[in-house]
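Note: the block below is entry17.cif and it holds mmCIF, C-alpha atoms.
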```cif
data_model
loop_
_atom_site.label_atom_id
_atom_site.label_comp_id
_atom_site.auth_asym_id
_atom_site.auth_seq_id
_atom_site.Cartn_x
_atom_site.Cartn_y
_atom_site.Cartn_z
CA MET A 1 -36.90 23.13 -18.51
CA VAL A 2 -40.37 23.54 -20.02
CA ALA A 3 -40.68 24.84 -23.59
CA SER A 4 -42.61 28.01 -24.20
CA GLY A 5 -46.31 27.36 -23.87
CA TYR A 6 -49.21 27.08 -26.29
CA ASP A 7 -52.85 27.95 -25.88
CA LEU A 8 -53.71 24.48 -27.19
CA VAL A 9 -51.78 21.29 -27.79
CA VAL A 10 -53.48 18.53 -29.77
CA VAL A 11 -51.97 15.06 -29.46
CA GLY A 12 -52.41 13.03 -32.63
CA ALA A 13 -52.39 13.96 -36.32
CA GLY A 14 -55.09 11.64 -37.50
CA ILE A 15 -58.01 13.32 -39.22
CA VAL A 16 -59.83 14.09 -35.95
CA GLY A 17 -56.82 15.66 -34.22
CA LEU A 18 -56.11 17.82 -37.26
CA ALA A 19 -59.78 18.85 -37.49
CA VAL A 20 -59.73 19.81 -33.79
CA ALA A 21 -56.72 22.09 -34.28
CA ARG A 22 -58.40 23.68 -37.32
CA GLU A 23 -61.68 24.24 -35.46
CA TRP A 24 -59.86 25.90 -32.58
CA LEU A 25 -57.98 28.28 -34.86
CA LEU A 26 -61.09 29.16 -36.86
CA ARG A 27 -62.64 30.32 -33.60
CA ARG A 28 -59.50 31.73 -31.98
CA PRO A 29 -57.15 32.79 -34.78
CA GLU A 30 -54.81 34.63 -32.38
CA ASP A 31 -54.14 31.55 -30.24
CA SER A 32 -50.97 29.48 -30.48
CA VAL A 33 -51.68 25.85 -31.39
CA ALA A 34 -49.42 22.83 -31.75
CA VAL A 35 -50.20 19.36 -33.04
CA LEU A 36 -47.84 16.66 -31.78
CA GLU A 37 -47.59 13.37 -33.69
CA ARG A 38 -45.10 10.58 -33.15
CA GLU A 39 -45.28 9.28 -36.73
CA PRO A 40 -43.41 10.95 -39.64
CA GLY A 41 -46.63 12.13 -41.29
CA PRO A 42 -50.39 12.47 -40.82
CA ALA A 43 -53.08 9.76 -40.99
CA GLN A 44 -50.73 6.84 -40.34
CA HIS A 45 -53.16 4.59 -38.50
CA GLN A 46 -56.98 4.43 -38.40
CA THR A 47 -57.41 7.40 -40.75
CA GLY A 48 -55.12 5.95 -43.39
CA HIS A 49 -56.21 2.32 -43.15
CA ASN A 50 -60.00 2.47 -43.30
CA SER A 51 -62.40 1.85 -46.18
CA GLY A 52 -62.63 5.51 -47.22
CA VAL A 53 -66.40 5.62 -46.78
CA ILE A 54 -68.32 8.77 -45.87
CA HIS A 55 -71.00 7.11 -43.76
CA GLY A 56 -74.61 8.26 -43.81
CA GLY A 57 -75.49 7.70 -40.14
CA ILE A 58 -77.83 4.71 -40.41
CA TYR A 59 -76.38 2.35 -37.86
CA TYR A 60 -76.12 4.44 -34.70
CA GLN A 61 -78.41 4.63 -31.70
CA PRO A 62 -80.60 7.75 -32.00
CA GLY A 63 -79.47 10.40 -29.55
CA SER A 64 -75.91 9.08 -29.37
CA LEU A 65 -72.89 11.16 -30.28
CA LYS A 66 -72.26 8.92 -33.27
CA ALA A 67 -75.80 9.45 -34.59
CA ARG A 68 -75.72 13.20 -34.14
CA LEU A 69 -72.18 13.83 -35.35
CA CYS A 70 -72.10 11.40 -38.29
CA VAL A 71 -74.91 13.03 -40.27
CA GLU A 72 -73.55 16.53 -39.61
CA GLY A 73 -69.99 15.34 -40.14
CA ALA A 74 -70.81 13.86 -43.54
CA ARG A 75 -72.28 17.19 -44.65
CA LEU A 76 -69.19 19.05 -43.47
CA MET A 77 -66.86 16.49 -45.08
CA TYR A 78 -68.51 16.93 -48.47
CA GLU A 79 -68.25 20.72 -48.08
CA TYR A 80 -64.56 20.53 -47.22
CA CYS A 81 -63.78 18.24 -50.14
CA GLU A 82 -65.59 20.53 -52.54
CA GLN A 83 -63.83 23.62 -51.19
CA HIS A 84 -60.38 22.00 -51.43
CA ALA A 85 -60.90 20.02 -54.67
CA ILE A 86 -60.37 16.67 -52.92
CA PRO A 87 -61.66 13.72 -55.01
CA HIS A 88 -64.87 12.27 -53.59
CA GLU A 89 -68.15 10.82 -54.80
CA ARG A 90 -71.67 10.45 -53.42
CA CYS A 91 -72.04 7.01 -54.93
CA GLY A 92 -74.63 5.66 -52.50
CA LYS A 93 -74.92 2.41 -50.61
CA LEU A 94 -77.26 -0.58 -50.45
CA ILE A 95 -77.75 -2.59 -47.26
CA VAL A 96 -79.15 -5.87 -48.54
CA ALA A 97 -81.26 -8.41 -46.65
CA VAL A 98 -80.85 -11.85 -48.21
CA SER A 99 -82.90 -13.96 -45.77
CA ALA A 100 -86.25 -13.58 -44.04
CA ASP A 101 -84.69 -13.36 -40.59
CA GLU A 102 -82.78 -10.23 -41.70
CA LEU A 103 -85.89 -8.28 -42.67
CA GLY A 104 -86.73 -7.30 -39.10
CA ARG A 105 -83.19 -6.04 -38.56
CA LEU A 106 -83.39 -4.12 -41.84
CA GLY A 107 -86.55 -2.48 -40.54
CA ASP A 108 -84.77 -1.55 -37.32
CA LEU A 109 -81.96 0.04 -39.35
CA GLU A 110 -84.50 1.96 -41.40
CA ALA A 111 -86.10 3.30 -38.22
CA ARG A 112 -82.69 4.34 -36.88
CA GLY A 113 -81.77 6.02 -40.14
CA ARG A 114 -84.99 8.01 -40.21
CA ALA A 115 -84.62 8.99 -36.55
CA ASN A 116 -81.10 10.19 -37.37
CA ALA A 117 -82.36 12.20 -40.39
CA VAL A 118 -80.21 10.34 -42.93
CA PRO A 119 -80.81 12.14 -46.25
CA GLY A 120 -82.74 10.29 -48.97
CA LEU A 121 -82.96 6.96 -47.15
CA ARG A 122 -85.54 4.58 -48.60
CA ARG A 123 -86.58 0.93 -48.42
CA ILE A 124 -86.61 -0.86 -51.76
CA ARG A 125 -88.08 -4.13 -53.00
CA SER A 126 -86.20 -7.08 -54.45
CA ASP A 127 -87.03 -6.08 -58.04
CA GLU A 128 -85.68 -2.56 -57.44
CA ILE A 129 -82.23 -3.67 -56.29
CA ALA A 130 -80.92 -4.40 -59.78
CA ALA A 131 -81.71 -0.86 -60.95
CA ILE A 132 -79.19 0.45 -58.41
CA GLU A 133 -76.73 -2.45 -58.25
CA PRO A 134 -77.21 -4.83 -61.22
CA ASN A 135 -75.06 -7.60 -59.70
CA ALA A 136 -76.70 -7.61 -56.27
CA VAL A 137 -79.57 -9.79 -55.08
CA GLY A 138 -81.73 -9.74 -51.98
CA LEU A 139 -85.23 -9.81 -50.58
CA GLN A 140 -85.22 -6.11 -49.71
CA ALA A 141 -82.65 -3.38 -49.19
CA LEU A 142 -82.08 0.06 -47.77
CA HIS A 143 -80.72 2.62 -50.21
CA ALA A 144 -78.65 5.48 -48.76
CA PRO A 145 -77.78 7.78 -51.69
CA SER A 146 -75.88 10.25 -49.49
CA THR A 147 -73.21 7.71 -48.53
CA GLY A 148 -69.96 8.35 -50.37
CA ILE A 149 -66.26 7.71 -50.77
CA VAL A 150 -63.17 9.86 -50.23
CA ASP A 151 -59.43 9.57 -49.65
CA TYR A 152 -59.10 10.49 -45.97
CA VAL A 153 -55.32 10.73 -46.27
CA ALA A 154 -55.78 13.46 -48.88
CA VAL A 155 -58.17 15.25 -46.52
CA SER A 156 -55.60 15.00 -43.73
CA ARG A 157 -52.82 16.39 -45.92
CA ALA A 158 -55.07 19.30 -46.87
CA LEU A 159 -55.69 19.92 -43.17
CA VAL A 160 -51.95 19.99 -42.45
CA GLY A 161 -51.49 22.58 -45.18
CA GLU A 162 -54.38 24.66 -43.87
CA LEU A 163 -53.09 24.51 -40.30
CA THR A 164 -49.67 25.68 -41.41
CA THR A 165 -51.30 28.62 -43.19
CA LEU A 166 -53.29 29.42 -40.04
CA GLY A 167 -50.07 29.53 -38.03
CA ALA A 168 -50.21 26.21 -36.19
CA SER A 169 -47.09 24.19 -35.43
CA VAL A 170 -47.53 20.63 -36.71
CA ARG A 171 -44.69 18.56 -35.29
CA PHE A 172 -44.19 15.07 -36.68
CA GLY A 173 -41.78 12.59 -35.11
CA THR A 174 -42.71 13.93 -31.66
CA GLU A 175 -43.94 11.20 -29.32
CA VAL A 176 -45.93 12.22 -26.25
CA THR A 177 -44.92 10.11 -23.28
CA GLY A 178 -47.17 11.63 -20.63
CA ILE A 179 -49.28 14.57 -19.54
CA LYS A 180 -49.38 16.28 -16.17
CA ALA A 181 -52.47 18.33 -15.42
CA GLY A 182 -52.38 21.33 -13.11
CA GLU A 183 -53.62 24.86 -13.58
CA ASP A 184 -52.05 24.43 -17.01
CA ALA A 185 -50.83 21.15 -18.49
CA VAL A 186 -47.32 19.92 -19.14
CA VAL A 187 -47.00 17.56 -22.10
CA ARG A 188 -43.93 15.34 -21.84
CA THR A 189 -42.19 14.43 -25.10
CA ALA A 190 -38.89 12.80 -26.00
CA GLU A 191 -37.65 16.26 -27.03
CA GLY A 192 -38.67 17.82 -23.72
CA PRO A 193 -41.80 19.08 -21.97
CA VAL A 194 -44.28 21.48 -23.55
CA ARG A 195 -46.64 23.68 -21.53
CA ALA A 196 -50.23 24.26 -22.70
CA ARG A 197 -53.28 26.03 -21.38
CA ARG A 198 -55.43 23.26 -22.86
CA VAL A 199 -54.65 19.78 -24.21
CA ILE A 200 -56.92 17.60 -26.35
CA THR A 201 -55.72 14.07 -27.00
CA CYS A 202 -56.89 12.27 -30.15
CA ALA A 203 -54.53 9.32 -29.95
CA GLY A 204 -56.72 6.63 -31.53
CA LEU A 205 -55.27 3.18 -30.94
CA TRP A 206 -53.24 4.49 -28.02
CA SER A 207 -55.87 6.85 -26.57
CA ASP A 208 -56.53 4.83 -23.42
CA ARG A 209 -52.84 4.44 -22.64
CA LEU A 210 -52.22 8.17 -22.93
CA ALA A 211 -55.29 8.90 -20.81
CA ARG A 212 -53.99 6.58 -18.07
CA ARG A 213 -50.63 8.34 -18.13
CA ALA A 214 -52.53 11.56 -17.45
CA GLY A 215 -54.25 10.00 -14.42
CA ALA A 216 -57.48 8.74 -15.99
CA PRO A 217 -58.93 5.30 -15.08
CA ARG A 218 -58.21 2.22 -17.18
CA ASP A 219 -61.88 1.68 -18.04
CA PRO A 220 -62.62 1.57 -20.97
CA GLN A 221 -59.59 0.02 -22.60
CA ILE A 222 -58.73 -0.18 -26.28
CA VAL A 223 -58.69 -3.73 -27.66
CA PRO A 224 -57.42 -3.86 -31.27
CA PHE A 225 -59.45 -5.59 -33.99
CA ARG A 226 -57.81 -6.13 -37.36
CA GLY A 227 -59.88 -5.66 -40.50
CA ALA A 228 -58.53 -7.17 -43.71
CA TYR A 229 -59.52 -6.11 -47.23
CA LEU A 230 -59.05 -8.05 -50.48
CA GLY A 231 -58.69 -6.33 -53.84
CA LEU A 232 -60.91 -7.22 -56.79
CA LYS A 233 -59.86 -7.38 -60.44
CA PRO A 234 -61.05 -4.55 -62.64
CA THR A 235 -63.78 -5.48 -65.10
CA GLU A 236 -64.85 -3.97 -68.42
CA GLN A 237 -68.08 -2.88 -66.77
CA PRO A 238 -67.70 -2.00 -63.04
CA ARG A 239 -69.26 -4.69 -60.90
CA LEU A 240 -70.83 -2.08 -58.62
CA ASN A 241 -71.98 1.52 -58.83
CA GLY A 242 -71.48 2.36 -55.16
CA MET A 243 -71.28 0.07 -52.15
CA ILE A 244 -73.10 -3.07 -51.07
CA TYR A 245 -73.33 -4.03 -47.40
CA PRO A 246 -74.94 -6.94 -45.56
CA VAL A 247 -77.38 -6.47 -42.70
CA PRO A 248 -75.06 -6.35 -39.64
CA ASP A 249 -75.35 -8.21 -36.36
CA PRO A 250 -77.06 -5.67 -34.05
CA GLU A 251 -75.00 -6.84 -31.07
CA LEU A 252 -71.67 -6.00 -32.72
CA PRO A 253 -70.21 -2.62 -33.76
CA PHE A 254 -68.83 -4.19 -36.97
CA LEU A 255 -70.66 -3.97 -40.29
CA GLY A 256 -69.72 -7.28 -41.90
CA VAL A 257 -67.93 -8.01 -45.15
CA HIS A 258 -69.01 -5.50 -47.78
CA ILE A 259 -67.97 -4.47 -51.29
CA THR A 260 -66.72 -0.93 -51.70
CA LYS A 261 -65.37 1.10 -54.56
CA HIS A 262 -62.76 3.78 -53.99
CA THR A 263 -61.85 7.12 -55.53
CA THR A 264 -58.99 5.38 -57.37
CA GLY A 265 -61.50 3.12 -59.12
CA GLN A 266 -60.37 0.02 -57.22
CA GLU A 267 -62.97 -2.24 -55.65
CA THR A 268 -62.35 -4.09 -52.40
CA LEU A 269 -63.97 -6.77 -50.32
CA GLY A 270 -63.94 -6.51 -46.54
CA PRO A 271 -63.25 -5.99 -43.76
CA THR A 272 -63.01 -8.83 -41.32
CA ALA A 273 -62.86 -8.06 -37.58
CA MET A 274 -60.36 -10.23 -35.70
CA MET A 275 -58.87 -9.47 -32.30
CA VAL A 276 -55.08 -9.18 -32.67
CA PRO A 277 -52.00 -8.99 -30.37
CA ALA A 278 -50.76 -5.58 -31.52
CA ARG A 279 -52.36 -2.19 -31.90
CA ASP A 280 -50.67 -1.74 -35.26
CA ALA A 281 -51.10 -5.30 -36.52
CA TYR A 282 -51.41 -4.41 -40.20
CA SER A 283 -49.62 -7.71 -40.76
CA LEU A 284 -50.78 -10.91 -39.05
CA ARG A 285 -47.14 -11.50 -38.12
CA ARG A 286 -47.10 -8.36 -35.97
CA TRP A 287 -47.05 -9.12 -32.25
CA ILE A 288 -46.23 -6.73 -29.40
CA TRP A 289 -45.89 -8.11 -25.91
CA ARG A 290 -47.23 -5.04 -24.12
CA ASP A 291 -50.30 -4.75 -26.35
CA SER A 292 -51.20 -8.41 -26.02
CA TRP A 293 -50.56 -8.39 -22.25
CA GLU A 294 -52.87 -5.41 -21.76
CA SER A 295 -55.60 -7.14 -23.76
CA ILE A 296 -55.40 -10.52 -22.03
CA THR A 297 -55.25 -9.00 -18.54
CA TRP A 298 -58.32 -6.83 -19.17
CA PRO A 299 -61.43 -8.56 -17.73
CA GLY A 300 -63.58 -7.15 -20.52
CA THR A 301 -61.56 -9.01 -23.15
CA TRP A 302 -62.43 -12.39 -21.67
CA ARG A 303 -66.09 -11.45 -21.34
CA VAL A 304 -66.16 -10.44 -25.02
CA ALA A 305 -64.43 -13.70 -25.98
CA ARG A 306 -66.92 -15.82 -24.02
CA LYS A 307 -69.92 -14.02 -25.50
CA TYR A 308 -68.76 -13.89 -29.13
CA TRP A 309 -66.52 -16.95 -29.46
CA ARG A 310 -68.50 -18.26 -32.45
CA VAL A 311 -67.98 -14.94 -34.22
CA GLY A 312 -64.28 -15.18 -33.37
CA VAL A 313 -64.06 -18.64 -34.95
CA ASP A 314 -65.65 -17.30 -38.15
CA GLU A 315 -63.19 -14.39 -38.23
CA VAL A 316 -60.20 -16.72 -37.87
CA ARG A 317 -61.63 -18.88 -40.66
CA MET A 318 -61.89 -15.88 -42.98
CA ALA A 319 -58.39 -14.76 -42.09
CA ALA A 320 -57.11 -18.20 -43.07
CA SER A 321 -59.30 -18.74 -46.14
CA ARG A 322 -59.97 -16.35 -49.00
CA SER A 323 -62.70 -18.70 -50.10
CA ALA A 324 -64.60 -18.09 -46.84
CA PHE A 325 -64.06 -14.37 -47.32
CA VAL A 326 -65.59 -14.44 -50.82
CA THR A 327 -68.44 -16.70 -49.70
CA ALA A 328 -69.53 -14.08 -47.15
CA ALA A 329 -69.97 -11.50 -49.92
CA ALA A 330 -71.41 -13.93 -52.47
CA ARG A 331 -74.59 -14.07 -50.39
CA TYR A 332 -75.60 -10.73 -51.91
CA MET A 333 -73.45 -10.85 -55.10
CA PRO A 334 -73.77 -14.49 -56.23
CA GLU A 335 -71.52 -14.21 -59.29
CA LEU A 336 -68.50 -13.29 -57.13
CA THR A 337 -65.83 -16.03 -57.09
CA LEU A 338 -62.24 -16.53 -56.04
CA ASP A 339 -61.20 -15.75 -59.62
CA ASP A 340 -62.38 -12.17 -59.09
CA LEU A 341 -59.65 -11.49 -56.51
CA ASP A 342 -56.61 -9.65 -57.85
CA GLY A 343 -54.20 -11.00 -55.22
CA THR A 344 -53.78 -7.72 -53.34
CA SER A 345 -54.76 -7.08 -49.74
CA HIS A 346 -54.39 -4.50 -47.03
CA ALA A 347 -55.55 -4.13 -43.45
CA GLY A 348 -56.53 -1.62 -40.82
CA VAL A 349 -56.87 -1.89 -37.07
CA ARG A 350 -59.97 -0.64 -35.29
CA ALA A 351 -59.39 0.98 -31.91
CA GLN A 352 -62.38 -0.55 -30.15
CA ALA A 353 -62.98 0.45 -26.53
CA VAL A 354 -64.09 -2.44 -24.32
CA GLY A 355 -65.55 -1.88 -20.87
CA ARG A 356 -64.54 -3.88 -17.81
CA ASP A 357 -67.96 -5.53 -18.02
CA GLY A 358 -67.25 -6.79 -21.54
CA ALA A 359 -69.36 -4.18 -23.32
CA LEU A 360 -68.12 -3.19 -26.77
CA VAL A 361 -68.45 0.56 -26.35
CA ASP A 362 -70.63 1.74 -29.22
CA ASP A 363 -70.29 5.51 -28.96
CA PHE A 364 -67.58 8.13 -28.95
CA VAL A 365 -66.19 8.55 -25.43
CA ILE A 366 -64.94 11.95 -24.29
CA SER A 367 -63.52 12.65 -20.83
CA ARG A 368 -62.00 15.71 -19.20
CA ASP A 369 -59.67 16.36 -16.29
CA GLY A 370 -59.05 20.08 -15.78
CA PRO A 371 -57.13 21.43 -18.76
CA VAL A 372 -56.81 18.00 -20.42
CA SER A 373 -59.54 16.38 -22.52
CA HIS A 374 -59.37 12.89 -24.01
CA LEU A 375 -61.16 11.34 -26.97
CA ARG A 376 -61.07 7.78 -25.65
CA ASN A 377 -63.15 5.88 -28.19
CA ALA A 378 -63.23 7.05 -31.80
CA PRO A 379 -63.53 4.17 -34.28
CA SER A 380 -65.81 4.40 -37.32
CA PRO A 381 -67.52 6.74 -38.13
CA ALA A 382 -64.90 9.06 -36.60
CA ALA A 383 -63.35 9.94 -39.96
CA THR A 384 -66.76 10.80 -41.43
CA SER A 385 -67.61 12.75 -38.27
CA ALA A 386 -64.22 14.48 -37.97
CA PHE A 387 -65.34 18.09 -38.46
CA ALA A 388 -68.48 17.70 -36.35
CA LEU A 389 -66.56 15.78 -33.68
CA ALA A 390 -63.98 18.58 -33.63
CA ARG A 391 -66.76 21.10 -32.98
CA GLU A 392 -68.07 18.94 -30.14
CA LEU A 393 -64.65 18.67 -28.51
CA VAL A 394 -63.88 22.38 -28.81
CA ASP A 395 -67.37 23.25 -27.52
CA ARG A 396 -66.76 21.15 -24.41
CA VAL A 397 -63.29 22.54 -23.79
CA THR A 398 -64.29 26.16 -24.20
CA ALA A 399 -67.62 25.92 -22.34
#
```

For this file, write the structure as structure tokens.
Amino acid sequence: MVASGYDLVVVGAGIVGLAVAREWLLRRPEDSVAVLEREPGPAQHQTGHNSGVIHGGIYYQPGSLKARLCVEGARLMYEYCEQHAIPHERCGKLIVAVSADELGRLGDLEARGRANAVPGLRRIRSDEIAAIEPNAVGLQALHAPSTGIVDYVAVSRALVGELTTLGASVRFGTEVTGIKAGEDAVVRTAEGPVRARRVITCAGLWSDRLARRAGAPRDPQIVPFRGAYLGLKPTEQPRLNGMIYPVPDPELPFLGVHITKHTTGQETLGPTAMMVPARDAYSLRRWIWRDSWESITWPGTWRVARKYWRVGVDEVRMAASRSAFVTAAARYMPELTLDDLDGTSHAGVRAQAVGRDGALVDDFVISRDGPVSHLRNAPSPAATSAFALARELVDRVTA
């Protein structure tokens, strides 16, 4: 027996899935919409374990979905937080070059940021850095004043409340086990099948697996990368006004170890980016046979490992040594020492799509098969881009 149908079923109650359901109902308030989530509440994975940064849009290839949707998404995120009284702050960010060989890459980032219309972006000299971040040093830096911080879990909870008011059914503890596409779609769950005219999957760390169950190809596949954060002790005078980032490796979609403040007032150091044997490896002890088997049998994983093995060694070293972790950040904040750590830590897992050819997919990936659409790669800046990404998905489905 198939349960009574919906006009739209969204799979996944991370911030993007919730934003998609909201966008649909804002356009089609008479439609019936359900959000299905296997966890007991919203934002349990990538949304609830990231750094809480509202990104400015500096890093992304001009013309890409990430570039276009991040800048617009940040604007919409600030608007939503203001409308719903969600704590946030436009505290700004410095990307600091500390060696001569990083200056060219800093220039490339500046060109990208300007091409992407990042608000207020400017290049600053060494003697200007201290006026923005008194404890930072570098040869030059990029200042992005529009970059900010927010609690994405709070945003997600506000979205759940709004969806309920709009008449959506948000069903937690409902795992989707498969999707069959026909003229309509049938979504299989442990509680029974659900019919829908349209389905949009926003399953994050499990997006590729759900897409395959709906008949999509395996390529690209999600390979999980764990990012660890270390807490810093509070000081009488805050050690930073906003955020301080290094100049990233242009070949990698990771931004390096940075120092971030949060809406709670806490400051953290991180993240690392280490490949792990479970898609929810928030603890290094977490190991899931199926997840690790899928990663090691994927040809792209081995190609990534061969190309970036030195990076992998450094990541393992930082996972094993807090001293190495601190040393990475002390390049641009020299006074930082092990004594500044408060002993706390937490971690997130990045759902990074990897192609069969070993390419680390560096853009959002959206695919469609009849009534079913899949968001197959949505790591950072997906949370920042959530409202703009929701518009993009609904535009494509309703076109």

key: Counting all atoms listed in the file, the option among A:Ala281, A:Ile54, A:Ala111, A:Ala320 closest to Thr260 of chain A   = A:Ile54

message = Under the PyMOL selection byres ((chain A and resi 233-235) around 8), which residues of this model are included? Write them out as a list in words.
response = Gly231, Leu232, Glu236, Gln237, Pro238, Arg239, Gln266, Glu267, Asp340, Leu341 and Asp342 of chain A

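For the set A:Tyr80, A:Trp206, A:Tyr152, A:Trp24, the residue with the smallest atom-to-atom gap to Glu294 of chain A is A:Trp206, counting only C-alpha atoms.
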
When the PyMOL selection byres ((chain A and resi 59-65) around 7) is applied to the structure above, which residues does it catch, written out as a PDB file with C-alpha atoms, keeping the file's coordinate frame?
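Here's the written file part-v9.pdb:
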```pdb
ATOM      1  CA  GLY A  57     -75.490   7.700 -40.140  1.00  0.00           C
ATOM      2  CA  ILE A  58     -77.830   4.710 -40.410  1.00  0.00           C
ATOM      3  CA  LYS A  66     -72.260   8.920 -33.270  1.00  0.00           C
ATOM      4  CA  ALA A  67     -75.800   9.450 -34.590  1.00  0.00           C
ATOM      5  CA  ARG A  68     -75.720  13.200 -34.140  1.00  0.00           C
ATOM      6  CA  LEU A  69     -72.180  13.830 -35.350  1.00  0.00           C
ATOM      7  CA  LEU A 109     -81.960   0.040 -39.350  1.00  0.00           C
ATOM      8  CA  ARG A 112     -82.690   4.340 -36.880  1.00  0.00           C
ATOM      9  CA  GLY A 113     -81.770   6.020 -40.140  1.00  0.00           C
ATOM     10  CA  ALA A 115     -84.620   8.990 -36.550  1.00  0.00           C
ATOM     11  CA  ASN A 116     -81.100  10.190 -37.370  1.00  0.00           C
ATOM     12  CA  ASP A 363     -70.290   5.510 -28.960  1.00  0.00           C
ATOM     13  CA  PHE A 364     -67.580   8.130 -28.950  1.00  0.00           C
TER      14      PHE A 364
END
```

key: Hits of the PyMOL selection byres ((chain A and resi 209) around 12) in this structure, as JSON, numbers by chain   = {"A": [176, 177, 178, 179, 201, 202, 203, 204, 205, 206, 207, 208, 210, 211, 212, 213, 214, 215, 216, 217, 218, 219, 220, 221, 222, 223, 279, 290, 291, 294, 295, 351, 353, 374, 375, 376, 377]}

message = List as JSON, numbers by chain the protein and nucleic acid residues near Leu142 of chain A, meaning an atom at most 10 Å away when all atoms listed in the file are counted, but skip any in the same chain fewer than 2 places from it.
response = {"A": [58, 93, 94, 95, 96, 97, 106, 107, 109, 110, 113, 121, 122, 123, 124, 125, 129, 140, 144, 145, 245, 247]}

task = Determine the nearest neighbour of Val98 of chain A from the options A:Met318, A:Ala305, A:Met333, A:Val397, counting only C-alpha atoms.
result = A:Met333

ask   = Skipping near chain neighbours, those fewer than 4 positions away, what residues fall within 12 Å of Ser292 of chain A using all atoms listed in the file, listed as an MDAnalysis selection string?
value = chainID A and resid 222:225 275:281 286:288 296:298 301

Those same residues, written as a JSON list (two decimals), in the coordinates of the input with C-alpha atoms?
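Writing the result to selection_37.json gives the following:
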```json
[["chain", "number", "residue", "atom", "x", "y", "z"],
["A", 222, "ILE", "CA", -58.73, -0.18, -26.28],
["A", 223, "VAL", "CA", -58.69, -3.73, -27.66],
["A", 224, "PRO", "CA", -57.42, -3.86, -31.27],
["A", 225, "PHE", "CA", -59.45, -5.59, -33.99],
["A", 275, "MET", "CA", -58.87, -9.47, -32.30],
["A", 276, "VAL", "CA", -55.08, -9.18, -32.67],
["A", 277, "PRO", "CA", -52.00, -8.99, -30.37],
["A", 278, "ALA", "CA", -50.76, -5.58, -31.52],
["A", 279, "ARG", "CA", -52.36, -2.19, -31.90],
["A", 280, "ASP", "CA", -50.67, -1.74, -35.26],
["A", 281, "ALA", "CA", -51.10, -5.30, -36.52],
["A", 286, "ARG", "CA", -47.10, -8.36, -35.97],
["A", 287, "TRP", "CA", -47.05, -9.12, -32.25],
["A", 288, "ILE", "CA", -46.23, -6.73, -29.40],
["A", 296, "ILE", "CA", -55.40, -10.52, -22.03],
["A", 297, "THR", "CA", -55.25, -9.00, -18.54],
["A", 298, "TRP", "CA", -58.32, -6.83, -19.17],
["A", 301, "THR", "CA", -61.56, -9.01, -23.15]]
```

query = A:Ala185, A:Leu25, A:Val118, A:Val257: which is nearest Ala328 of chain A, counting only C-alpha atoms?
reply = A:Val257

key: Who sits within 7 Å of Ala383 of chain A, all atoms listed in the file, same chain under 4 positions skipped, as a PyMOL selection string   = chain A and resi 15-16+47

Where's the centre, and what are the edge lengths in Å to one decimal, of a box along x, y and z enclosing all listed atoms of segment 198-214 of chain A padded 5 Å per side, as lines of an AutoDock Vina configuration file?
```
center_x = -53.8
center_y = 13.2
center_z = -24.5
size_x = 16.3
size_y = 30.1
size_z = 24.1
```

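Nearest residue to His346 of chain A, choosing from A:Val9, A:Val372, A:Leu284, A:Ala74 and counting only C-alpha atoms: A:Leu284.
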
note = What separates atom CA of Cys70 of chain A and atom CA of Phe387 of chain A is a distance of 9.5 Å

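Excluding Gly148 of chain A and any residue on its chain fewer than 6 positions from it, the residues at most 9 Å away by all atoms listed in the file are Gly52, Val53, Ile54, His55, Gly56, Ala74, Tyr78, His88, Glu89, Arg90, Cys91, Gly92, Lys93, Gly242 and Met243 of chain A.
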
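For the residues A:Ser367, A:Asn241, A:Ser146, A:Ser169, ranking by smallest atom-to-atom distance to Glu133 of chain A using all atoms listed in the file places A:Asn241 first.
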
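Separating atom CA of Val187 of chain A from atom CA of Val361 of chain A is a distance of 27.7 Å.
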
Write out as an mmCIF file with C-alpha atoms, in the frame of the given file which residues come within 8 Å of Val20 of chain A when counting all atoms listed in the file, dropping same-chain ones fewer than 6 positions away.
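Below you can see out.cif, which holds the result:
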```cif
data_model
loop_
_atom_site.group_PDB
_atom_site.id
_atom_site.type_symbol
_atom_site.label_atom_id
_atom_site.label_comp_id
_atom_site.auth_asym_id
_atom_site.auth_seq_id
_atom_site.Cartn_x
_atom_site.Cartn_y
_atom_site.Cartn_z
ATOM 1 C CA VAL A 10 -53.480 18.530 -29.770
ATOM 2 C CA PHE A 387 -65.340 18.090 -38.460
ATOM 3 C CA LEU A 389 -66.560 15.780 -33.680
ATOM 4 C CA ALA A 390 -63.980 18.580 -33.630
ATOM 5 C CA ARG A 391 -66.760 21.100 -32.980
ATOM 6 C CA LEU A 393 -64.650 18.670 -28.510
ATOM 7 C CA VAL A 394 -63.880 22.380 -28.810
#
```

Spatial sel., origin (-74.8, -15.2, -53.5), limit 12 Å, all atoms listed in the file, listed as number ranges by chain = A: 96-99, 135-138, 246, 326-337

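Atom pair atom CA of Arg306 of chain A / atom CA of Ser345 of chain A: separated by 29.8 Å.
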